[in-house]
>>> print(open('query23.cif').read())   # mmCIF, N, CA and C atoms
data_my_file
loop_
_atom_site.label_atom_id
_atom_site.label_comp_id
_atom_site.auth_asym_id
_atom_site.auth_seq_id
_atom_site.Cartn_x
_atom_site.Cartn_y
_atom_site.Cartn_z
N MET A 729 102.44 119.98 110.99
CA MET A 729 103.31 119.74 112.14
C MET A 729 102.79 120.52 113.33
N ILE A 730 102.87 119.95 114.48
CA ILE A 730 102.36 120.60 115.68
C ILE A 730 103.44 121.48 116.31
N ASN A 731 103.01 122.52 117.00
CA ASN A 731 103.94 123.47 117.58
C ASN A 731 104.53 122.99 118.89
N ASN A 732 103.81 122.16 119.61
CA ASN A 732 104.23 121.79 120.96
C ASN A 732 104.82 120.38 121.05
N MET A 733 105.44 119.90 119.97
CA MET A 733 106.00 118.55 119.98
C MET A 733 107.07 118.41 121.06
N ASP A 734 107.88 119.44 121.25
CA ASP A 734 108.91 119.39 122.29
C ASP A 734 108.29 119.10 123.65
N GLU A 735 107.27 119.87 123.99
CA GLU A 735 106.63 119.70 125.30
C GLU A 735 105.96 118.34 125.43
N ILE A 736 105.28 117.92 124.38
CA ILE A 736 104.61 116.62 124.43
C ILE A 736 105.64 115.51 124.64
N LEU A 737 106.74 115.55 123.91
CA LEU A 737 107.76 114.50 124.05
C LEU A 737 108.44 114.56 125.41
N LYS A 738 108.63 115.74 125.95
CA LYS A 738 109.27 115.85 127.26
C LYS A 738 108.34 115.43 128.40
N GLN A 739 107.04 115.68 128.24
CA GLN A 739 106.10 115.41 129.33
C GLN A 739 105.36 114.08 129.19
N ALA A 740 105.45 113.44 128.04
CA ALA A 740 104.71 112.19 127.81
C ALA A 740 105.11 111.14 128.83
N LYS A 741 104.11 110.42 129.31
CA LYS A 741 104.33 109.32 130.25
C LYS A 741 103.94 107.98 129.62
N GLY A 742 102.84 107.95 128.87
CA GLY A 742 102.34 106.71 128.30
C GLY A 742 102.27 106.77 126.79
N VAL A 743 102.82 105.74 126.14
CA VAL A 743 102.80 105.65 124.68
C VAL A 743 102.20 104.31 124.27
N ALA A 744 101.05 104.36 123.60
CA ALA A 744 100.48 103.15 123.02
C ALA A 744 101.16 102.95 121.68
N ILE A 745 101.62 101.73 121.42
CA ILE A 745 102.36 101.44 120.18
C ILE A 745 101.59 100.40 119.39
N ILE A 746 100.84 100.88 118.39
CA ILE A 746 100.02 99.99 117.56
C ILE A 746 100.92 99.30 116.55
N GLY A 747 100.89 97.97 116.57
CA GLY A 747 101.74 97.19 115.67
C GLY A 747 103.08 96.86 116.30
N CYS A 748 103.17 97.00 117.62
CA CYS A 748 104.42 96.69 118.32
C CYS A 748 104.71 95.20 118.21
N SER A 749 105.93 94.88 117.87
CA SER A 749 106.33 93.49 117.68
C SER A 749 107.16 92.98 118.85
N ALA A 750 107.06 91.69 119.13
CA ALA A 750 107.90 91.05 120.14
C ALA A 750 109.17 90.49 119.52
N VAL A 751 109.34 90.68 118.20
CA VAL A 751 110.50 90.19 117.49
C VAL A 751 111.62 91.23 117.59
N LYS A 752 112.74 90.83 118.17
CA LYS A 752 113.78 91.79 118.54
C LYS A 752 114.38 92.56 117.37
N TYR A 753 114.38 92.01 116.17
CA TYR A 753 114.99 92.73 115.06
C TYR A 753 114.01 93.70 114.38
N ARG A 754 112.75 93.73 114.80
CA ARG A 754 111.78 94.64 114.20
C ARG A 754 111.94 96.05 114.77
N THR A 755 111.75 97.05 113.93
CA THR A 755 111.90 98.44 114.34
C THR A 755 110.98 98.79 115.50
N SER A 756 109.75 98.31 115.47
CA SER A 756 108.81 98.65 116.53
C SER A 756 109.28 98.12 117.89
N TYR A 757 109.92 96.96 117.90
CA TYR A 757 110.46 96.42 119.15
C TYR A 757 111.60 97.30 119.65
N HIS A 758 112.50 97.66 118.75
CA HIS A 758 113.66 98.48 119.10
C HIS A 758 113.22 99.83 119.68
N ILE A 759 112.24 100.45 119.03
CA ILE A 759 111.77 101.76 119.49
C ILE A 759 111.01 101.63 120.81
N ALA A 760 110.20 100.59 120.95
CA ALA A 760 109.49 100.37 122.23
C ALA A 760 110.50 100.17 123.35
N SER A 761 111.55 99.42 123.08
CA SER A 761 112.60 99.20 124.07
C SER A 761 113.26 100.52 124.46
N TYR A 762 113.58 101.34 123.48
CA TYR A 762 114.18 102.65 123.73
C TYR A 762 113.26 103.50 124.62
N LEU A 763 111.98 103.57 124.27
CA LEU A 763 111.03 104.39 125.04
C LEU A 763 110.94 103.90 126.48
N LYS A 764 110.86 102.59 126.65
CA LYS A 764 110.77 102.02 128.00
C LYS A 764 112.04 102.33 128.80
N GLU A 765 113.20 102.17 128.18
CA GLU A 765 114.48 102.44 128.85
C GLU A 765 114.61 103.91 129.26
N ASN A 766 113.89 104.78 128.57
CA ASN A 766 113.95 106.21 128.85
C ASN A 766 112.75 106.71 129.66
N GLY A 767 112.12 105.79 130.39
CA GLY A 767 111.14 106.18 131.39
C GLY A 767 109.70 106.31 130.94
N LEU A 768 109.40 105.98 129.71
CA LEU A 768 108.01 106.05 129.28
C LEU A 768 107.33 104.70 129.52
N ARG A 769 106.05 104.77 129.79
CA ARG A 769 105.27 103.54 129.92
C ARG A 769 104.82 103.15 128.53
N ILE A 770 105.23 101.97 128.09
CA ILE A 770 104.80 101.51 126.77
C ILE A 770 103.58 100.62 126.92
N LEU A 771 102.66 100.78 125.98
CA LEU A 771 101.44 100.00 125.93
C LEU A 771 101.38 99.35 124.55
N PRO A 772 101.98 98.16 124.42
CA PRO A 772 101.99 97.50 123.11
C PRO A 772 100.57 97.12 122.69
N VAL A 773 100.28 97.31 121.40
CA VAL A 773 98.98 96.95 120.84
C VAL A 773 99.24 96.06 119.63
N ASN A 774 98.93 94.77 119.78
CA ASN A 774 99.12 93.81 118.70
C ASN A 774 98.41 92.52 119.12
N PRO A 775 97.39 92.10 118.37
CA PRO A 775 96.64 90.90 118.76
C PRO A 775 97.45 89.60 118.69
N ASN A 776 98.66 89.66 118.13
CA ASN A 776 99.47 88.45 117.98
C ASN A 776 100.29 88.10 119.22
N TYR A 777 100.32 88.98 120.22
CA TYR A 777 101.16 88.76 121.40
C TYR A 777 100.38 89.00 122.69
N GLU A 778 100.79 88.29 123.73
CA GLU A 778 100.22 88.53 125.05
C GLU A 778 101.03 89.57 125.81
N GLU A 779 102.34 89.62 125.49
CA GLU A 779 103.19 90.64 126.10
C GLU A 779 104.36 90.97 125.19
N VAL A 780 104.87 92.19 125.35
CA VAL A 780 106.06 92.64 124.63
C VAL A 780 106.91 93.40 125.64
N LEU A 781 108.18 93.04 125.72
CA LEU A 781 109.12 93.69 126.65
C LEU A 781 108.59 93.67 128.09
N GLY A 782 107.91 92.58 128.44
CA GLY A 782 107.41 92.43 129.80
C GLY A 782 106.15 93.21 130.10
N GLU A 783 105.57 93.88 129.09
CA GLU A 783 104.35 94.66 129.27
C GLU A 783 103.17 93.93 128.63
N GLU A 784 102.01 94.03 129.27
CA GLU A 784 100.81 93.43 128.70
C GLU A 784 100.57 94.02 127.32
N CYS A 785 100.22 93.16 126.37
CA CYS A 785 99.96 93.59 125.00
C CYS A 785 98.45 93.54 124.76
N TYR A 786 97.90 94.61 124.24
CA TYR A 786 96.46 94.71 124.01
C TYR A 786 96.13 94.38 122.57
N ASP A 787 94.96 93.75 122.35
CA ASP A 787 94.53 93.41 121.00
C ASP A 787 94.23 94.64 120.16
N SER A 788 93.71 95.68 120.81
CA SER A 788 93.32 96.92 120.14
C SER A 788 93.54 98.07 121.11
N VAL A 789 93.69 99.27 120.57
CA VAL A 789 93.81 100.44 121.44
C VAL A 789 92.56 100.56 122.32
N LYS A 790 91.44 100.07 121.82
CA LYS A 790 90.18 100.13 122.57
C LYS A 790 90.21 99.26 123.83
N ASP A 791 91.17 98.34 123.91
CA ASP A 791 91.28 97.45 125.07
C ASP A 791 92.16 98.02 126.19
N ILE A 792 92.79 99.15 125.95
CA ILE A 792 93.61 99.78 127.00
C ILE A 792 92.67 100.31 128.07
N PRO A 793 92.88 99.94 129.33
CA PRO A 793 91.99 100.38 130.41
C PRO A 793 91.90 101.90 130.51
N ASP A 794 90.71 102.37 130.88
CA ASP A 794 90.45 103.81 130.94
C ASP A 794 91.34 104.55 131.93
N ASP A 795 91.82 103.85 132.95
CA ASP A 795 92.61 104.53 133.98
C ASP A 795 94.09 104.68 133.61
N ILE A 796 94.48 104.19 132.45
CA ILE A 796 95.88 104.31 132.01
C ILE A 796 96.01 105.55 131.13
N LYS A 797 96.90 106.44 131.50
CA LYS A 797 97.11 107.68 130.74
C LYS A 797 97.92 107.40 129.47
N VAL A 798 97.38 107.79 128.37
CA VAL A 798 98.05 107.63 127.07
C VAL A 798 98.22 109.02 126.47
N ASP A 799 99.47 109.44 126.34
CA ASP A 799 99.76 110.77 125.79
C ASP A 799 100.00 110.73 124.28
N ILE A 800 100.54 109.61 123.81
CA ILE A 800 100.88 109.45 122.39
C ILE A 800 100.43 108.07 121.93
N VAL A 801 99.86 108.01 120.73
CA VAL A 801 99.59 106.73 120.07
C VAL A 801 100.50 106.68 118.86
N ASP A 802 101.46 105.75 118.89
CA ASP A 802 102.46 105.60 117.83
C ASP A 802 102.03 104.43 116.94
N ILE A 803 101.88 104.70 115.65
CA ILE A 803 101.36 103.68 114.73
C ILE A 803 102.49 103.09 113.88
N PHE A 804 102.62 101.77 113.98
CA PHE A 804 103.59 100.99 113.19
C PHE A 804 102.83 99.99 112.33
N ARG A 805 102.01 100.46 111.44
CA ARG A 805 101.27 99.57 110.55
C ARG A 805 101.51 100.03 109.12
N ASP A 806 101.29 99.15 108.17
CA ASP A 806 101.38 99.52 106.77
C ASP A 806 100.38 100.66 106.51
N SER A 807 100.75 101.58 105.64
CA SER A 807 99.92 102.77 105.40
C SER A 807 98.49 102.44 104.96
N GLN A 808 98.28 101.26 104.38
CA GLN A 808 96.92 100.91 103.97
C GLN A 808 95.99 100.72 105.18
N TYR A 809 96.55 100.52 106.39
CA TYR A 809 95.75 100.32 107.59
C TYR A 809 95.71 101.56 108.49
N THR A 810 96.48 102.58 108.17
CA THR A 810 96.63 103.71 109.07
C THR A 810 95.32 104.44 109.32
N ALA A 811 94.54 104.68 108.28
CA ALA A 811 93.26 105.39 108.47
C ALA A 811 92.34 104.60 109.42
N GLN A 812 92.32 103.29 109.26
CA GLN A 812 91.51 102.44 110.15
C GLN A 812 92.01 102.57 111.60
N MET A 813 93.33 102.59 111.78
CA MET A 813 93.90 102.72 113.12
C MET A 813 93.55 104.10 113.72
N VAL A 814 93.65 105.15 112.91
CA VAL A 814 93.31 106.50 113.37
C VAL A 814 91.84 106.56 113.77
N GLN A 815 90.98 105.94 112.97
CA GLN A 815 89.54 105.92 113.30
C GLN A 815 89.32 105.22 114.64
N GLU A 816 90.02 104.12 114.89
CA GLU A 816 89.90 103.43 116.18
C GLU A 816 90.36 104.33 117.32
N VAL A 817 91.44 105.05 117.13
CA VAL A 817 91.95 105.96 118.17
C VAL A 817 90.91 107.05 118.45
N ILE A 818 90.32 107.60 117.40
CA ILE A 818 89.31 108.66 117.56
C ILE A 818 88.11 108.13 118.34
N GLU A 819 87.63 106.95 117.98
CA GLU A 819 86.48 106.36 118.67
C GLU A 819 86.82 106.07 120.13
N TRP A 820 87.98 105.49 120.37
CA TRP A 820 88.41 105.16 121.73
C TRP A 820 88.57 106.41 122.56
N ALA A 821 89.22 107.42 121.98
CA ALA A 821 89.46 108.67 122.70
C ALA A 821 88.14 109.35 123.05
N GLY A 822 87.17 109.28 122.15
CA GLY A 822 85.86 109.89 122.39
C GLY A 822 85.14 109.28 123.59
N LYS A 823 85.35 107.99 123.81
CA LYS A 823 84.70 107.30 124.93
C LYS A 823 85.43 107.56 126.24
N THR A 824 86.70 107.96 126.16
CA THR A 824 87.50 108.14 127.37
C THR A 824 87.88 109.60 127.61
N ASP A 825 87.40 110.49 126.77
CA ASP A 825 87.69 111.92 126.90
C ASP A 825 89.20 112.20 126.82
N ARG A 826 89.89 111.49 125.93
CA ARG A 826 91.33 111.67 125.74
C ARG A 826 91.58 112.29 124.37
N LYS A 827 92.73 112.90 124.24
CA LYS A 827 93.14 113.43 122.94
C LYS A 827 94.64 113.25 122.78
N PRO A 828 95.09 111.98 122.68
CA PRO A 828 96.54 111.77 122.53
C PRO A 828 97.04 112.26 121.19
N LEU A 829 98.32 112.57 121.16
CA LEU A 829 99.00 112.89 119.91
C LEU A 829 99.03 111.60 119.08
N ILE A 830 98.63 111.67 117.83
CA ILE A 830 98.72 110.51 116.94
C ILE A 830 100.01 110.65 116.14
N TRP A 831 100.88 109.66 116.29
CA TRP A 831 102.20 109.68 115.67
C TRP A 831 102.28 108.55 114.66
N THR A 832 102.64 108.86 113.42
CA THR A 832 102.83 107.81 112.43
C THR A 832 104.31 107.78 112.05
N GLN A 833 104.88 106.61 112.12
CA GLN A 833 106.30 106.43 111.83
C GLN A 833 106.57 106.67 110.34
N LEU A 834 107.81 106.59 109.93
CA LEU A 834 108.20 106.83 108.55
C LEU A 834 107.41 105.95 107.58
N ASP A 835 106.86 106.56 106.55
CA ASP A 835 106.12 105.87 105.48
C ASP A 835 104.88 105.12 105.98
N VAL A 836 104.31 105.56 107.08
CA VAL A 836 103.13 104.89 107.62
C VAL A 836 101.87 105.72 107.38
N SER A 837 102.02 107.02 107.25
CA SER A 837 100.86 107.90 107.11
C SER A 837 100.17 107.70 105.77
N SER A 838 98.91 108.16 105.73
CA SER A 838 98.18 108.23 104.47
C SER A 838 97.38 109.53 104.51
N PRO A 839 97.07 110.10 103.35
CA PRO A 839 96.28 111.34 103.33
C PRO A 839 94.95 111.18 104.08
N GLU A 840 94.32 110.03 103.92
CA GLU A 840 93.04 109.78 104.59
C GLU A 840 93.21 109.76 106.11
N ALA A 841 94.27 109.12 106.59
CA ALA A 841 94.53 109.05 108.03
C ALA A 841 94.76 110.44 108.61
N LYS A 842 95.58 111.22 107.91
CA LYS A 842 95.88 112.58 108.37
C LYS A 842 94.61 113.42 108.41
N ALA A 843 93.79 113.34 107.37
CA ALA A 843 92.55 114.11 107.31
C ALA A 843 91.60 113.72 108.45
N LEU A 844 91.48 112.42 108.70
CA LEU A 844 90.62 111.95 109.80
C LEU A 844 91.07 112.54 111.13
N ALA A 845 92.37 112.48 111.40
CA ALA A 845 92.91 112.99 112.66
C ALA A 845 92.66 114.49 112.78
N GLU A 846 92.98 115.23 111.73
CA GLU A 846 92.85 116.68 111.78
C GLU A 846 91.40 117.11 111.89
N GLU A 847 90.50 116.43 111.17
CA GLU A 847 89.07 116.76 111.26
C GLU A 847 88.53 116.52 112.66
N ALA A 848 89.09 115.55 113.36
CA ALA A 848 88.64 115.24 114.73
C ALA A 848 89.38 116.08 115.77
N GLY A 849 90.29 116.94 115.31
CA GLY A 849 90.99 117.84 116.22
C GLY A 849 92.17 117.24 116.95
N PHE A 850 92.77 116.19 116.38
CA PHE A 850 93.93 115.56 116.99
C PHE A 850 95.21 116.12 116.39
N ASP A 851 96.22 116.32 117.24
CA ASP A 851 97.55 116.62 116.71
C ASP A 851 98.05 115.37 116.02
N TYR A 852 98.76 115.54 114.92
CA TYR A 852 99.16 114.42 114.07
C TYR A 852 100.58 114.64 113.57
N VAL A 853 101.43 113.64 113.76
CA VAL A 853 102.81 113.70 113.28
C VAL A 853 102.97 112.60 112.23
N GLU A 854 103.61 112.95 111.13
CA GLU A 854 103.82 111.95 110.08
C GLU A 854 105.27 111.96 109.61
N ASN A 855 105.72 110.78 109.19
CA ASN A 855 107.06 110.61 108.62
C ASN A 855 108.19 111.05 109.53
N LYS A 856 108.05 110.76 110.81
CA LYS A 856 109.12 111.03 111.76
C LYS A 856 109.23 109.83 112.71
N CYS A 857 110.45 109.52 113.08
CA CYS A 857 110.69 108.43 114.03
C CYS A 857 110.62 109.00 115.44
N ILE A 858 109.75 108.45 116.26
CA ILE A 858 109.58 108.96 117.62
C ILE A 858 110.87 108.82 118.44
N MET A 859 111.64 107.78 118.20
CA MET A 859 112.89 107.59 118.94
C MET A 859 113.89 108.70 118.59
N VAL A 860 114.03 108.99 117.31
CA VAL A 860 114.95 110.03 116.87
C VAL A 860 114.51 111.39 117.42
N GLU A 861 113.23 111.70 117.29
CA GLU A 861 112.73 113.00 117.75
C GLU A 861 112.84 113.13 119.27
N HIS A 862 112.53 112.07 119.99
CA HIS A 862 112.62 112.09 121.46
C HIS A 862 114.07 112.30 121.89
N SER A 863 114.99 111.55 121.30
CA SER A 863 116.39 111.64 121.72
C SER A 863 116.99 113.00 121.36
N LYS A 864 116.58 113.58 120.23
CA LYS A 864 117.07 114.92 119.85
C LYS A 864 116.65 115.96 120.89
N ARG A 865 115.41 115.88 121.31
CA ARG A 865 114.88 116.88 122.23
C ARG A 865 115.38 116.69 123.66
N LEU A 866 115.69 115.46 124.01
CA LEU A 866 116.16 115.20 125.35
C LEU A 866 117.66 114.97 125.38
N ASP A 867 118.32 115.15 124.24
CA ASP A 867 119.77 115.00 124.12
C ASP A 867 120.23 113.64 124.65
N ILE A 868 119.55 112.59 124.18
CA ILE A 868 119.88 111.23 124.61
C ILE A 868 120.66 110.55 123.48
N LYS A 869 121.71 109.86 123.86
CA LYS A 869 122.48 109.11 122.88
C LYS A 869 121.86 107.71 122.74
N HIS A 870 121.70 107.27 121.52
CA HIS A 870 121.16 105.93 121.28
C HIS A 870 121.86 105.30 120.10
N GLU A 871 121.73 103.99 120.03
CA GLU A 871 122.33 103.25 118.91
C GLU A 871 121.23 102.84 117.96
N HIS A 872 121.53 102.90 116.68
CA HIS A 872 120.53 102.47 115.67
C HIS A 872 120.67 100.99 115.44
#
>>> encode(input="query23.cif", output="structure tokens")
Amino acid sequence: MINNMDEILKQAKGVAIIGCSAVKYRTSYHIASYLKENGLRILPVNPNYEEVLGEECYDSVKDIPDDIKVDIVDIFRDSQYTAQMVQEVIEWAGKTDRKPLIWTQLDVSSPEAKALAEEAGFDYVENKCIMVEHSKRLDIKHEH
């Protein structure tokens, strides 16, 4: 667990959401909507959509333009894909000189993904819901 999660969540402006869905009943849609409503710029990443919640949707994190600040990469993929997603974030970040916090939602992390992130020097959060953690720290009321 990282020591500065409070500060990162309070200061974050841009959140890339890998696996973000345009389907309203999906958790990733609900959380993306919450983040957007609370002033964060969401950057949906899912090759199945052109846009989510009115925001351009990127096929891969690697397609996010270099001039867009990404503070957190939130992963909503099955755990069997998480290490691959973390590897993509590491490669992308290396080309753009970024080091976003890598956040894996509940039951999304894998030991391999965590090891990859930590070996590359990335802060890594696992088994926590970004919406719950954000609202706790900012004392925001939300509906589940």
>>> closest_residue(input="query23.cif", among="A:Ala841, A:Val751, A:Leu829, A:Ile796", to="Ala811 of chain A", atoms="all atoms listed in the file")
A:Ala841
>>> atom_distance(input="query23.cif", atom1="atom CA of Pro828 of chain A", atom2="atom C of Val798 of chain A")
5.1 Å
>>> resolve_selection(input="query23.cif", expression="the PyMOL selection byres ((chain A and resi 786-794) around 8)", output="VMD selection string")
chain A and resid 744 to 746 771 to 780 783 to 785 795 to 798 816 to 817 819 to 821 823 to 824
>>> resolve_selection(input="query23.cif", expression="the PyMOL selection byres ((chain A and resi 756-767) around 8)", output="ChimeraX atom specification")
/A:740-742,745-755,768-771,780-781,804,858-860
>>> select_by_dssp(input="query23.cif", residues="chain A", states="strand (DSSP E or B)", output="list in words")
Gly742, Val743, Ala744, Ile745, Ile746, Arg769, Ile770, Leu771, Pro772, Val773, Glu779, Val780, Glu783, Glu784, Tyr786, Ile800, Val801, Asp802, Ile803, Leu829, Ile830, Trp831, Thr832, Tyr852 and Val853 of chain A
>>> select_by_dssp(input="query23.cif", residues="segment 767-854 of chain A", states="helix (DSSP H, G or I)", output="PyMOL selection string")
chain A and resi 789-791+807-824+839-847
>>> write_last_selection(input="query23.cif", atoms="N, CA and C atoms", output="short mmCIF file (atom, residue, chain, number, x, y, z; two decimals), in the frame of the given file")
data_model
loop_
_atom_site.label_atom_id
_atom_site.label_comp_id
_atom_site.auth_asym_id
_atom_site.auth_seq_id
_atom_site.Cartn_x
_atom_site.Cartn_y
_atom_site.Cartn_z
N VAL A 789 93.69 99.27 120.57
CA VAL A 789 93.81 100.44 121.44
C VAL A 789 92.56 100.56 122.32
N LYS A 790 91.44 100.07 121.82
CA LYS A 790 90.18 100.13 122.57
C LYS A 790 90.21 99.26 123.83
N ASP A 791 91.17 98.34 123.91
CA ASP A 791 91.28 97.45 125.07
C ASP A 791 92.16 98.02 126.19
N SER A 807 100.75 101.58 105.64
CA SER A 807 99.92 102.77 105.40
C SER A 807 98.49 102.44 104.96
N GLN A 808 98.28 101.26 104.38
CA GLN A 808 96.92 100.91 103.97
C GLN A 808 95.99 100.72 105.18
N TYR A 809 96.55 100.52 106.39
CA TYR A 809 95.75 100.32 107.59
C TYR A 809 95.71 101.56 108.49
N THR A 810 96.48 102.58 108.17
CA THR A 810 96.63 103.71 109.07
C THR A 810 95.32 104.44 109.32
N ALA A 811 94.54 104.68 108.28
CA ALA A 811 93.26 105.39 108.47
C ALA A 811 92.34 104.60 109.42
N GLN A 812 92.32 103.29 109.26
CA GLN A 812 91.51 102.44 110.15
C GLN A 812 92.01 102.57 111.60
N MET A 813 93.33 102.59 111.78
CA MET A 813 93.90 102.72 113.12
C MET A 813 93.55 104.10 113.72
N VAL A 814 93.65 105.15 112.91
CA VAL A 814 93.31 106.50 113.37
C VAL A 814 91.84 106.56 113.77
N GLN A 815 90.98 105.94 112.97
CA GLN A 815 89.54 105.92 113.30
C GLN A 815 89.32 105.22 114.64
N GLU A 816 90.02 104.12 114.89
CA GLU A 816 89.90 103.43 116.18
C GLU A 816 90.36 104.33 117.32
N VAL A 817 91.44 105.05 117.13
CA VAL A 817 91.95 105.96 118.17
C VAL A 817 90.91 107.05 118.45
N ILE A 818 90.32 107.60 117.40
CA ILE A 818 89.31 108.66 117.56
C ILE A 818 88.11 108.13 118.34
N GLU A 819 87.63 106.95 117.98
CA GLU A 819 86.48 106.36 118.67
C GLU A 819 86.82 106.07 120.13
N TRP A 820 87.98 105.49 120.37
CA TRP A 820 88.41 105.16 121.73
C TRP A 820 88.57 106.41 122.56
N ALA A 821 89.22 107.42 121.98
CA ALA A 821 89.46 108.67 122.70
C ALA A 821 88.14 109.35 123.05
N GLY A 822 87.17 109.28 122.15
CA GLY A 822 85.86 109.89 122.39
C GLY A 822 85.14 109.28 123.59
N LYS A 823 85.35 107.99 123.81
CA LYS A 823 84.70 107.30 124.93
C LYS A 823 85.43 107.56 126.24
N THR A 824 86.70 107.96 126.16
CA THR A 824 87.50 108.14 127.37
C THR A 824 87.88 109.60 127.61
N PRO A 839 97.07 110.10 103.35
CA PRO A 839 96.28 111.34 103.33
C PRO A 839 94.95 111.18 104.08
N GLU A 840 94.32 110.03 103.92
CA GLU A 840 93.04 109.78 104.59
C GLU A 840 93.21 109.76 106.11
N ALA A 841 94.27 109.12 106.59
CA ALA A 841 94.53 109.05 108.03
C ALA A 841 94.76 110.44 108.61
N LYS A 842 95.58 111.22 107.91
CA LYS A 842 95.88 112.58 108.37
C LYS A 842 94.61 113.42 108.41
N ALA A 843 93.79 113.34 107.37
CA ALA A 843 92.55 114.11 107.31
C ALA A 843 91.60 113.72 108.45
N LEU A 844 91.48 112.42 108.70
CA LEU A 844 90.62 111.95 109.80
C LEU A 844 91.07 112.54 111.13
N ALA A 845 92.37 112.48 111.40
CA ALA A 845 92.91 112.99 112.66
C ALA A 845 92.66 114.49 112.78
N GLU A 846 92.98 115.23 111.73
CA GLU A 846 92.85 116.68 111.78
C GLU A 846 91.40 117.11 111.89
N GLU A 847 90.50 116.43 111.17
CA GLU A 847 89.07 116.76 111.26
C GLU A 847 88.53 116.52 112.66
#
>>> closest_residue(input="query23.cif", among="A:Asp802, A:Gln808, A:Thr832, A:Gly849", to="Val743 of chain A", atoms="only N, CA and C atoms")
A:Asp802
>>> resolve_selection(input="query23.cif", expression="the PyMOL selection byres (((chain A and resi 852 and name CA) around 10) and name CA)", output="PyMOL selection string")
chain A and resi 729-730+733+800-801+814+828-832+837+841-846+849-851+853-854
>>> closest_residue(input="query23.cif", among="A:Arg865, A:Asp806, A:Asn855, A:Gln739", to="Gln833 of chain A", atoms="all atoms listed in the file")
A:Asn855
>>> axis_aligned_box(input="query23.cif", around="segment 770-778 of chain A", padding_each_side="5 Å", output="JSON")
{"center_x": 100.9, "center_y": 95.0, "center_z": 123.0, "size_x": 18.6, "size_y": 23.9, "size_z": 20.1}
>>> atom_distance(input="query23.cif", atom1="atom N of Cys857 of chain A", atom2="atom C of Val836 of chain A")
11.0 Å
>>> closest_residue(input="query23.cif", among="A:Ile818, A:Leu834, A:Leu866, A:Ala848", to="Ile803 of chain A", atoms="only N, CA and C atoms")
A:Leu834
>>> atom_distance(input="query23.cif", atom1="atom CA of His862 of chain A", atom2="atom CA of Leu737 of chain A")
6.0 Å
